[in-house]
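S.K.: protein16.pdb is reproduced below (PDB, C-alpha atoms).
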```pdb
ATOM      1  CA  MET A   1       8.585 -10.546   0.024  1.00  0.00           C
ATOM      2  CA  LEU A   2       5.797 -11.773  -2.199  1.00  0.00           C
ATOM      3  CA  GLY A   3       2.563  -9.842  -2.358  1.00  0.00           C
ATOM      4  CA  THR A   4      -0.571 -11.333  -0.871  1.00  0.00           C
ATOM      5  CA  LEU A   5      -4.056 -11.789  -2.297  1.00  0.00           C
ATOM      6  CA  ALA A   6      -7.305 -11.356  -0.381  1.00  0.00           C
ATOM      7  CA  THR A   7     -10.956 -11.166  -1.293  1.00  0.00           C
ATOM      8  CA  THR A   8     -12.599  -7.835  -0.523  1.00  0.00           C
ATOM      9  CA  ASP A   9     -15.977  -7.458   1.186  1.00  0.00           C
ATOM     10  CA  ASP A  10     -17.588  -6.775  -2.185  1.00  0.00           C
ATOM     11  CA  GLY A  11     -16.144  -9.925  -3.811  1.00  0.00           C
ATOM     12  CA  ARG A  12     -13.251  -8.286  -5.656  1.00  0.00           C
ATOM     13  CA  TYR A  13      -9.592  -9.207  -5.228  1.00  0.00           C
ATOM     14  CA  ALA A  14      -6.898  -7.143  -3.545  1.00  0.00           C
ATOM     15  CA  LEU A  15      -3.187  -7.648  -4.134  1.00  0.00           C
ATOM     16  CA  ARG A  16      -1.194  -6.145  -1.278  1.00  0.00           C
ATOM     17  CA  PHE A  17       2.511  -5.379  -1.128  1.00  0.00           C
ATOM     18  CA  GLU A  18       4.413  -3.997   1.810  1.00  0.00           C
ATOM     19  CA  ARG A  19       7.910  -2.615   1.405  1.00  0.00           C
ATOM     20  CA  ARG A  20      10.272  -0.750   3.699  1.00  0.00           C
ATOM     21  CA  TYR A  21      12.654   1.793   2.241  1.00  0.00           C
ATOM     22  CA  ALA A  22      15.548   3.614   3.895  1.00  0.00           C
ATOM     23  CA  HIS A  23      14.265   6.825   2.325  1.00  0.00           C
ATOM     24  CA  PRO A  24      11.773   9.425   3.545  1.00  0.00           C
ATOM     25  CA  PRO A  25       8.194   9.398   2.255  1.00  0.00           C
ATOM     26  CA  GLU A  26       8.873  12.521   0.163  1.00  0.00           C
ATOM     27  CA  LYS A  27      11.512  10.705  -1.909  1.00  0.00           C
ATOM     28  CA  VAL A  28       9.360   7.591  -2.332  1.00  0.00           C
ATOM     29  CA  TRP A  29       6.422   9.818  -3.293  1.00  0.00           C
ATOM     30  CA  ARG A  30       8.441  11.211  -6.191  1.00  0.00           C
ATOM     31  CA  ALA A  31       9.263   7.671  -7.352  1.00  0.00           C
ATOM     32  CA  ILE A  32       5.564   6.762  -7.540  1.00  0.00           C
ATOM     33  CA  THR A  33       4.254  10.031  -9.023  1.00  0.00           C
ATOM     34  CA  GLU A  34       6.870  11.670 -11.254  1.00  0.00           C
ATOM     35  CA  ALA A  35       7.034  10.767 -14.947  1.00  0.00           C
ATOM     36  CA  GLU A  36      10.832  10.450 -15.074  1.00  0.00           C
ATOM     37  CA  HIS A  37      10.702   7.714 -12.402  1.00  0.00           C
ATOM     38  CA  LEU A  38       7.505   6.039 -13.600  1.00  0.00           C
ATOM     39  CA  ARG A  39       8.934   5.451 -17.089  1.00  0.00           C
ATOM     40  CA  ALA A  40      11.307   2.838 -15.669  1.00  0.00           C
ATOM     41  CA  TRP A  41       8.730   0.700 -13.898  1.00  0.00           C
ATOM     42  CA  PHE A  42       5.054   1.652 -14.237  1.00  0.00           C
ATOM     43  CA  PRO A  43       3.123  -0.527 -16.720  1.00  0.00           C
ATOM     44  CA  ALA A  44       1.703   2.429 -18.657  1.00  0.00           C
ATOM     45  CA  VAL A  45       2.568   5.942 -19.698  1.00  0.00           C
ATOM     46  CA  VAL A  46       0.735   8.291 -17.359  1.00  0.00           C
ATOM     47  CA  ASP A  47       1.270  11.809 -16.066  1.00  0.00           C
ATOM     48  CA  PHE A  48      -0.395  12.604 -12.801  1.00  0.00           C
ATOM     49  CA  ASP A  49      -2.504  15.633 -12.108  1.00  0.00           C
ATOM     50  CA  LEU A  50      -2.496  15.200  -8.349  1.00  0.00           C
ATOM     51  CA  ARG A  51      -5.898  16.716  -7.627  1.00  0.00           C
ATOM     52  CA  PRO A  52      -8.878  14.716  -6.365  1.00  0.00           C
ATOM     53  CA  GLY A  53     -11.267  14.192  -9.246  1.00  0.00           C
ATOM     54  CA  ALA A  54      -8.599  14.729 -11.917  1.00  0.00           C
ATOM     55  CA  THR A  55      -8.898  12.437 -14.920  1.00  0.00           C
ATOM     56  CA  LEU A  56      -5.941  10.205 -15.722  1.00  0.00           C
ATOM     57  CA  ARG A  57      -5.095   8.754 -19.106  1.00  0.00           C
ATOM     58  CA  PHE A  58      -3.017   5.584 -19.349  1.00  0.00           C
ATOM     59  CA  LEU A  59      -1.272   4.826 -22.640  1.00  0.00           C
ATOM     60  CA  PRO A  60       0.658   1.655 -23.484  1.00  0.00           C
ATOM     61  CA  THR A  61       4.419   1.655 -23.140  1.00  0.00           C
ATOM     62  CA  ALA A  62       6.621   0.845 -26.129  1.00  0.00           C
ATOM     63  CA  GLU A  63       7.225  -2.579 -24.552  1.00  0.00           C
ATOM     64  CA  GLN A  64       3.480  -3.295 -24.347  1.00  0.00           C
ATOM     65  CA  VAL A  65       3.116  -2.361 -28.002  1.00  0.00           C
ATOM     66  CA  ARG A  66       5.996  -4.697 -28.870  1.00  0.00           C
ATOM     67  CA  ARG A  67       5.026  -7.620 -26.597  1.00  0.00           C
ATOM     68  CA  TYR A  68       1.257  -7.582 -26.749  1.00  0.00           C
ATOM     69  CA  GLY A  69       0.452  -5.859 -30.028  1.00  0.00           C
ATOM     70  CA  MET A  70      -1.287  -2.947 -28.332  1.00  0.00           C
ATOM     71  CA  THR A  71      -1.631   0.194 -30.396  1.00  0.00           C
ATOM     72  CA  GLU A  72       0.103   3.344 -29.250  1.00  0.00           C
ATOM     73  CA  ASP A  73      -3.196   5.177 -28.930  1.00  0.00           C
ATOM     74  CA  GLN A  74      -4.966   2.425 -26.970  1.00  0.00           C
ATOM     75  CA  ALA A  75      -5.799   4.474 -23.895  1.00  0.00           C
ATOM     76  CA  ALA A  76      -7.458   3.655 -20.598  1.00  0.00           C
ATOM     77  CA  THR A  77      -8.736   6.229 -18.169  1.00  0.00           C
ATOM     78  CA  GLY A  78      -8.884   6.692 -14.443  1.00  0.00           C
ATOM     79  CA  GLU A  79      -9.489   9.247 -11.768  1.00  0.00           C
ATOM     80  CA  ILE A  80      -7.619  10.485  -8.721  1.00  0.00           C
ATOM     81  CA  THR A  81      -9.856   9.545  -5.795  1.00  0.00           C
ATOM     82  CA  ARG A  82      -7.638  10.465  -2.828  1.00  0.00           C
ATOM     83  CA  VAL A  83      -4.395  12.357  -2.512  1.00  0.00           C
ATOM     84  CA  ASP A  84      -2.476  13.515   0.553  1.00  0.00           C
ATOM     85  CA  PRO A  85       1.173  14.116  -0.458  1.00  0.00           C
ATOM     86  CA  PRO A  86       3.452  12.442   0.496  1.00  0.00           C
ATOM     87  CA  HIS A  87       1.349   9.910   2.393  1.00  0.00           C
ATOM     88  CA  LEU A  88      -1.577   8.688   0.320  1.00  0.00           C
ATOM     89  CA  LEU A  89      -2.384   8.351  -3.353  1.00  0.00           C
ATOM     90  CA  GLU A  90      -5.389   6.446  -4.637  1.00  0.00           C
ATOM     91  CA  TYR A  91      -6.729   6.357  -8.161  1.00  0.00           C
ATOM     92  CA  THR A  92      -8.696   4.207 -10.536  1.00  0.00           C
ATOM     93  CA  TRP A  93      -7.379   2.649 -13.719  1.00  0.00           C
ATOM     94  CA  ASP A  94     -10.471   1.585 -15.623  1.00  0.00           C
ATOM     95  CA  ALA A  95     -12.263  -0.645 -13.049  1.00  0.00           C
ATOM     96  CA  GLU A  96      -9.144  -1.212 -10.912  1.00  0.00           C
ATOM     97  CA  VAL A  97      -8.156   0.734  -7.804  1.00  0.00           C
ATOM     98  CA  LEU A  98      -4.515   1.461  -6.999  1.00  0.00           C
ATOM     99  CA  ARG A  99      -3.715   2.731  -3.507  1.00  0.00           C
ATOM    100  CA  TRP A 100      -0.288   3.827  -2.282  1.00  0.00           C
ATOM    101  CA  GLU A 101       0.194   4.512   1.442  1.00  0.00           C
ATOM    102  CA  LEU A 102       3.483   5.889   2.791  1.00  0.00           C
ATOM    103  CA  THR A 103       4.240   6.054   6.499  1.00  0.00           C
ATOM    104  CA  ALA A 104       7.436   7.491   8.003  1.00  0.00           C
ATOM    105  CA  ASP A 105       9.225   4.912  10.139  1.00  0.00           C
ATOM    106  CA  GLY A 106      10.751   7.389  12.615  1.00  0.00           C
ATOM    107  CA  VAL A 107      14.348   6.707  11.565  1.00  0.00           C
ATOM    108  CA  GLY A 108      14.458   8.479   8.204  1.00  0.00           C
ATOM    109  CA  GLY A 109      12.807   5.767   6.123  1.00  0.00           C
ATOM    110  CA  CYS A 110       9.277   4.737   5.335  1.00  0.00           C
ATOM    111  CA  ARG A 111       6.880   1.876   4.884  1.00  0.00           C
ATOM    112  CA  LEU A 112       5.001   1.592   1.595  1.00  0.00           C
ATOM    113  CA  VAL A 113       1.766  -0.371   1.380  1.00  0.00           C
ATOM    114  CA  PHE A 114       0.527  -0.755  -2.174  1.00  0.00           C
ATOM    115  CA  THR A 115      -2.851  -2.327  -2.912  1.00  0.00           C
ATOM    116  CA  ASN A 116      -4.300  -3.152  -6.329  1.00  0.00           C
ATOM    117  CA  VAL A 117      -8.019  -4.051  -6.335  1.00  0.00           C
ATOM    118  CA  PHE A 118      -9.540  -5.763  -9.391  1.00  0.00           C
ATOM    119  CA  ASP A 119     -12.360  -8.071 -10.480  1.00  0.00           C
ATOM    120  CA  ASN A 120     -10.744 -10.916 -12.431  1.00  0.00           C
ATOM    121  CA  ARG A 121      -8.963 -13.460 -10.226  1.00  0.00           C
ATOM    122  CA  ALA A 122      -7.218 -14.935 -13.277  1.00  0.00           C
ATOM    123  CA  MET A 123      -5.099 -11.790 -13.496  1.00  0.00           C
ATOM    124  CA  ALA A 124      -3.801 -12.122  -9.911  1.00  0.00           C
ATOM    125  CA  ALA A 125      -0.532 -13.986 -10.564  1.00  0.00           C
ATOM    126  CA  PRO A 126       0.638 -11.986 -13.600  1.00  0.00           C
ATOM    127  CA  ALA A 127      -0.422  -8.693 -12.004  1.00  0.00           C
ATOM    128  CA  ALA A 128       1.363  -9.584  -8.772  1.00  0.00           C
ATOM    129  CA  ALA A 129       4.521 -10.513 -10.662  1.00  0.00           C
ATOM    130  CA  GLY A 130       4.414  -7.248 -12.599  1.00  0.00           C
ATOM    131  CA  TRP A 131       3.911  -5.053  -9.548  1.00  0.00           C
ATOM    132  CA  HIS A 132       6.589  -7.001  -7.649  1.00  0.00           C
ATOM    133  CA  ALA A 133       9.106  -6.383 -10.454  1.00  0.00           C
ATOM    134  CA  GLY A 134       8.087  -2.732 -10.605  1.00  0.00           C
ATOM    135  CA  LEU A 135       8.633  -2.295  -6.874  1.00  0.00           C
ATOM    136  CA  GLU A 136      12.104  -3.799  -7.291  1.00  0.00           C
ATOM    137  CA  VAL A 137      12.835  -1.045  -9.818  1.00  0.00           C
ATOM    138  CA  VAL A 138      11.520   1.558  -7.363  1.00  0.00           C
ATOM    139  CA  ALA A 139      13.917   0.203  -4.703  1.00  0.00           C
ATOM    140  CA  ALA A 140      16.836   0.368  -7.135  1.00  0.00           C
ATOM    141  CA  GLN A 141      15.941   3.933  -8.137  1.00  0.00           C
ATOM    142  CA  LEU A 142      15.701   5.029  -4.523  1.00  0.00           C
ATOM    143  CA  ASP A 143      19.056   3.446  -3.697  1.00  0.00           C
ATOM    144  CA  GLU A 144      20.550   4.926  -6.892  1.00  0.00           C
ATOM    145  CA  ARG A 145      21.489   1.458  -8.146  1.00  0.00           C
ATOM    146  CA  GLU A 146      21.746   0.862 -11.862  1.00  0.00           C
ATOM    147  CA  ILE A 147      18.836  -1.016 -13.385  1.00  0.00           C
ATOM    148  CA  ASP A 148      20.532  -3.298 -15.895  1.00  0.00           C
ATOM    149  CA  TRP A 149      17.680  -5.761 -16.208  1.00  0.00           C
ATOM    150  CA  SER A 150      14.210  -5.701 -17.700  1.00  0.00           C
ATOM    151  CA  PRO A 151      11.277  -5.433 -15.289  1.00  0.00           C
ATOM    152  CA  TRP A 152       9.217  -7.196 -17.975  1.00  0.00           C
ATOM    153  CA  GLU A 153      11.568 -10.195 -17.984  1.00  0.00           C
ATOM    154  CA  ARG A 154      11.694 -10.139 -14.187  1.00  0.00           C
ATOM    155  CA  ALA A 155       7.887 -10.204 -14.036  1.00  0.00           C
ATOM    156  CA  ASP A 156       7.847 -13.192 -16.400  1.00  0.00           C
ATOM    157  CA  ALA A 157      10.283 -14.989 -14.066  1.00  0.00           C
ATOM    158  CA  LEU A 158       8.219 -14.164 -10.954  1.00  0.00           C
ATOM    159  CA  THR A 159       4.887 -15.300 -12.382  1.00  0.00           C
ATOM    160  CA  GLY A 160       5.585 -18.947 -11.510  1.00  0.00           C
ATOM    161  CA  GLU A 161       6.249 -18.036  -7.883  1.00  0.00           C
ATOM    162  CA  TYR A 162       2.936 -16.217  -7.693  1.00  0.00           C
ATOM    163  CA  VAL A 163       1.007 -19.012  -9.387  1.00  0.00           C
ATOM    164  CA  GLY A 164       2.138 -21.268  -6.551  1.00  0.00           C
ATOM    165  CA  SER A 165       1.558 -18.784  -3.749  1.00  0.00           C
ATOM    166  CA  ILE A 166      -1.686 -16.953  -4.533  1.00  0.00           C
ATOM    167  CA  ASP A 167      -3.624 -19.268  -6.846  1.00  0.00           C
TER     168      ASP A 167
END
```
Write the structure described by the file as structure tokens, please.
M.R.:
Amino acid sequence: MLGTLATTDDGRYALRFERRYAHPPEKVWRAITEAEHLRAWFPAVVDFDLRPGATLRFLPTAEQVRRYGMTEDQAATGEITRVDPPHLLEYTWDAEVLRWELTADGVGGCRLVFTNVFDNRAMAAPAAAGWHAGLEVVAAQLDEREIDWSPWERADALTGEYVGSID
């Protein structure tokens, strides 16, 4: 279930992931918006103020500080552009757009479509690998499975698969 890459009408790039979960949209919504869930998989420290127009602040995780030499106060900003709990969340992260769409499947589960839009094609494979690994953590959280592996290491392992499939 690799993500796909497309070029947008304005010449940017859109990574798209589709996942099906045996959980209702409300439960998946919590996994993608609540700090206690995000800490395990999201590639930044962020607390959401789920109001359109709200400013977001993204800080590096301890792992980013360790791996990439980022400073703990190296912040990025964004803005909530659309929110319709528990179905749609869209926000910016610097120049990127992240869009989360949740649709009930009629049998107690839901379909998640996540899209990340960005400018630099060179970041496609590593970004795809990172989001893929993060969505695996989301699935484990939802299923209440223990996460005894590093999403960072998993992303490193997936990067090669994405280099071959989307580059």
S.K.: I'd like a table as a Markdown table: residues in range 6-118 of chain A with an atom no more than 8 Å from range 137-161 of chain A, each row giving the shortest atom pair and its distance in Å to one decimal, only C-alpha atoms counted, sorted by chain and rising residue number.
M.R.:
```
| residue | atom | partner | partner_atom | distance |
| --- | --- | --- | --- | --- |
| A:Tyr21 | CA | A:Ala139 | CA | 7.2 |
| A:His23 | CA | A:Leu142 | CA | 7.2 |
| A:Lys27 | CA | A:Leu142 | CA | 7.5 |
| A:Val28 | CA | A:Leu142 | CA | 7.2 |
| A:Ala31 | CA | A:Val138 | CA | 6.5 |
| A:Ile32 | CA | A:Val138 | CA | 7.9 |
| A:His37 | CA | A:Gln141 | CA | 7.7 |
| A:Ala40 | CA | A:Val137 | CA | 7.2 |
| A:Trp41 | CA | A:Val137 | CA | 6.0 |
```
S.K.: So which one's closest to Glu72 in chain A, A:Arg51, A:Phe17, A:Leu135, A:Ala44? Using all atoms listed in the file, please.
M.R.: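 Among A:Arg51, A:Phe17, A:Leu135, A:Ala44, it is A:Ala44 that comes nearest to Glu72 in chain A.
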S.K.: Rounded to one decimal, what separation in Å do you get between CA of Ala129 in chain A and CA of Ile80 in chain A?
M.R.: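 For CA of Ala129 in chain A relative to CA of Ile80 in chain A, the distance reads 24.3 Å.
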S.K.: Can you report as lines of an AutoDock Vina configuration file the centre and edge lengths in Å, to one decimal, of an axis-aligned box around the listed atoms of range 47-66 of chain A padded with 8 Å on each side?
M.R.:
```
center_x = -2.0
center_y = 6.0
center_z = -17.6
size_x = 34.5
size_y = 37.4
size_z = 38.5
```
S.K.: Pull out every residue that the PyMOL selection byres ((chain A and resi 6-9) around 10) matches in the shown coordinates and put them as a list of chain:residue names.
M.R.: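 Here the PyMOL selection byres ((chain A and resi 6-9) around 10) matches A:Thr4, A:Leu5, A:Asp10, A:Gly11, A:Arg12, A:Tyr13, A:Ala14, A:Leu15, A:Arg16, A:Val117, A:Phe118, A:Asp119, A:Arg121, A:Ile166.
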S.K.: Using the incomplete input, complete range 33-48 of chain A to the level of N, CA, C and O atoms; output as a PDB file, in the frame of the given file.
M.R.:
```
ATOM      1  N   THR A  33       5.117   9.023  -8.392  1.00  0.00           N
ATOM      2  CA  THR A  33       4.254  10.031  -9.023  1.00  0.00           C
ATOM      3  C   THR A  33       4.909  10.807 -10.159  1.00  0.00           C
ATOM      4  O   THR A  33       4.198  11.423 -10.953  1.00  0.00           O
ATOM      5  N   GLU A  34       6.215  10.833 -10.249  1.00  0.00           N
ATOM      6  CA  GLU A  34       6.870  11.670 -11.254  1.00  0.00           C
ATOM      7  C   GLU A  34       7.215  10.863 -12.505  1.00  0.00           C
ATOM      8  O   GLU A  34       7.777   9.764 -12.417  1.00  0.00           O
ATOM      9  N   ALA A  35       6.900  11.452 -13.657  1.00  0.00           N
ATOM     10  CA  ALA A  35       7.034  10.767 -14.947  1.00  0.00           C
ATOM     11  C   ALA A  35       8.437  10.202 -15.176  1.00  0.00           C
ATOM     12  O   ALA A  35       8.579   9.088 -15.678  1.00  0.00           O
ATOM     13  N   GLU A  36       9.474  10.933 -14.807  1.00  0.00           N
ATOM     14  CA  GLU A  36      10.832  10.450 -15.074  1.00  0.00           C
ATOM     15  C   GLU A  36      11.143   9.159 -14.315  1.00  0.00           C
ATOM     16  O   GLU A  36      11.933   8.345 -14.765  1.00  0.00           O
ATOM     17  N   HIS A  37      10.524   8.951 -13.165  1.00  0.00           N
ATOM     18  CA  HIS A  37      10.702   7.714 -12.402  1.00  0.00           C
ATOM     19  C   HIS A  37       9.759   6.625 -12.908  1.00  0.00           C
ATOM     20  O   HIS A  37      10.139   5.465 -13.027  1.00  0.00           O
ATOM     21  N   LEU A  38       8.523   7.001 -13.168  1.00  0.00           N
ATOM     22  CA  LEU A  38       7.505   6.039 -13.600  1.00  0.00           C
ATOM     23  C   LEU A  38       7.889   5.332 -14.894  1.00  0.00           C
ATOM     24  O   LEU A  38       7.582   4.152 -15.077  1.00  0.00           O
ATOM     25  N   ARG A  39       8.557   6.047 -15.792  1.00  0.00           N
ATOM     26  CA  ARG A  39       8.934   5.451 -17.089  1.00  0.00           C
ATOM     27  C   ARG A  39       9.717   4.155 -16.932  1.00  0.00           C
ATOM     28  O   ARG A  39       9.639   3.281 -17.777  1.00  0.00           O
ATOM     29  N   ALA A  40      10.459   4.020 -15.856  1.00  0.00           N
ATOM     30  CA  ALA A  40      11.307   2.838 -15.669  1.00  0.00           C
ATOM     31  C   ALA A  40      10.549   1.631 -15.132  1.00  0.00           C
ATOM     32  O   ALA A  40      11.030   0.510 -15.255  1.00  0.00           O
ATOM     33  N   TRP A  41       9.358   1.845 -14.548  1.00  0.00           N
ATOM     34  CA  TRP A  41       8.730   0.700 -13.898  1.00  0.00           C
ATOM     35  C   TRP A  41       7.215   0.614 -14.018  1.00  0.00           C
ATOM     36  O   TRP A  41       6.639  -0.471 -13.884  1.00  0.00           O
ATOM     37  N   PHE A  42       6.517   1.698 -14.229  1.00  0.00           N
ATOM     38  CA  PHE A  42       5.054   1.652 -14.237  1.00  0.00           C
ATOM     39  C   PHE A  42       4.570   1.048 -15.553  1.00  0.00           C
ATOM     40  O   PHE A  42       5.096   1.365 -16.612  1.00  0.00           O
ATOM     41  N   PRO A  43       3.536   0.191 -15.512  1.00  0.00           N
ATOM     42  CA  PRO A  43       3.123  -0.527 -16.720  1.00  0.00           C
ATOM     43  C   PRO A  43       2.235   0.273 -17.670  1.00  0.00           C
ATOM     44  O   PRO A  43       1.398  -0.299 -18.375  1.00  0.00           O
ATOM     45  N   ALA A  44       2.417   1.567 -17.715  1.00  0.00           N
ATOM     46  CA  ALA A  44       1.703   2.429 -18.657  1.00  0.00           C
ATOM     47  C   ALA A  44       2.394   3.784 -18.652  1.00  0.00           C
ATOM     48  O   ALA A  44       3.171   4.096 -17.757  1.00  0.00           O
ATOM     49  N   VAL A  45       2.100   4.563 -19.659  1.00  0.00           N
ATOM     50  CA  VAL A  45       2.568   5.942 -19.698  1.00  0.00           C
ATOM     51  C   VAL A  45       1.447   6.793 -19.113  1.00  0.00           C
ATOM     52  O   VAL A  45       0.329   6.791 -19.623  1.00  0.00           O
ATOM     53  N   VAL A  46       1.740   7.469 -18.027  1.00  0.00           N
ATOM     54  CA  VAL A  46       0.735   8.291 -17.359  1.00  0.00           C
ATOM     55  C   VAL A  46       1.435   9.479 -16.703  1.00  0.00           C
ATOM     56  O   VAL A  46       2.523   9.339 -16.159  1.00  0.00           O
ATOM     57  N   ASP A  47       0.817  10.635 -16.807  1.00  0.00           N
ATOM     58  CA  ASP A  47       1.270  11.809 -16.066  1.00  0.00           C
ATOM     59  C   ASP A  47       0.175  12.137 -15.070  1.00  0.00           C
ATOM     60  O   ASP A  47      -0.998  12.165 -15.427  1.00  0.00           O
ATOM     61  N   PHE A  48       0.583  12.357 -13.851  1.00  0.00           N
ATOM     62  CA  PHE A  48      -0.395  12.604 -12.801  1.00  0.00           C
ATOM     63  C   PHE A  48      -0.734  14.074 -12.674  1.00  0.00           C
ATOM     64  O   PHE A  48       0.148  14.924 -12.663  1.00  0.00           O
TER      65      PHE A  48
END
```
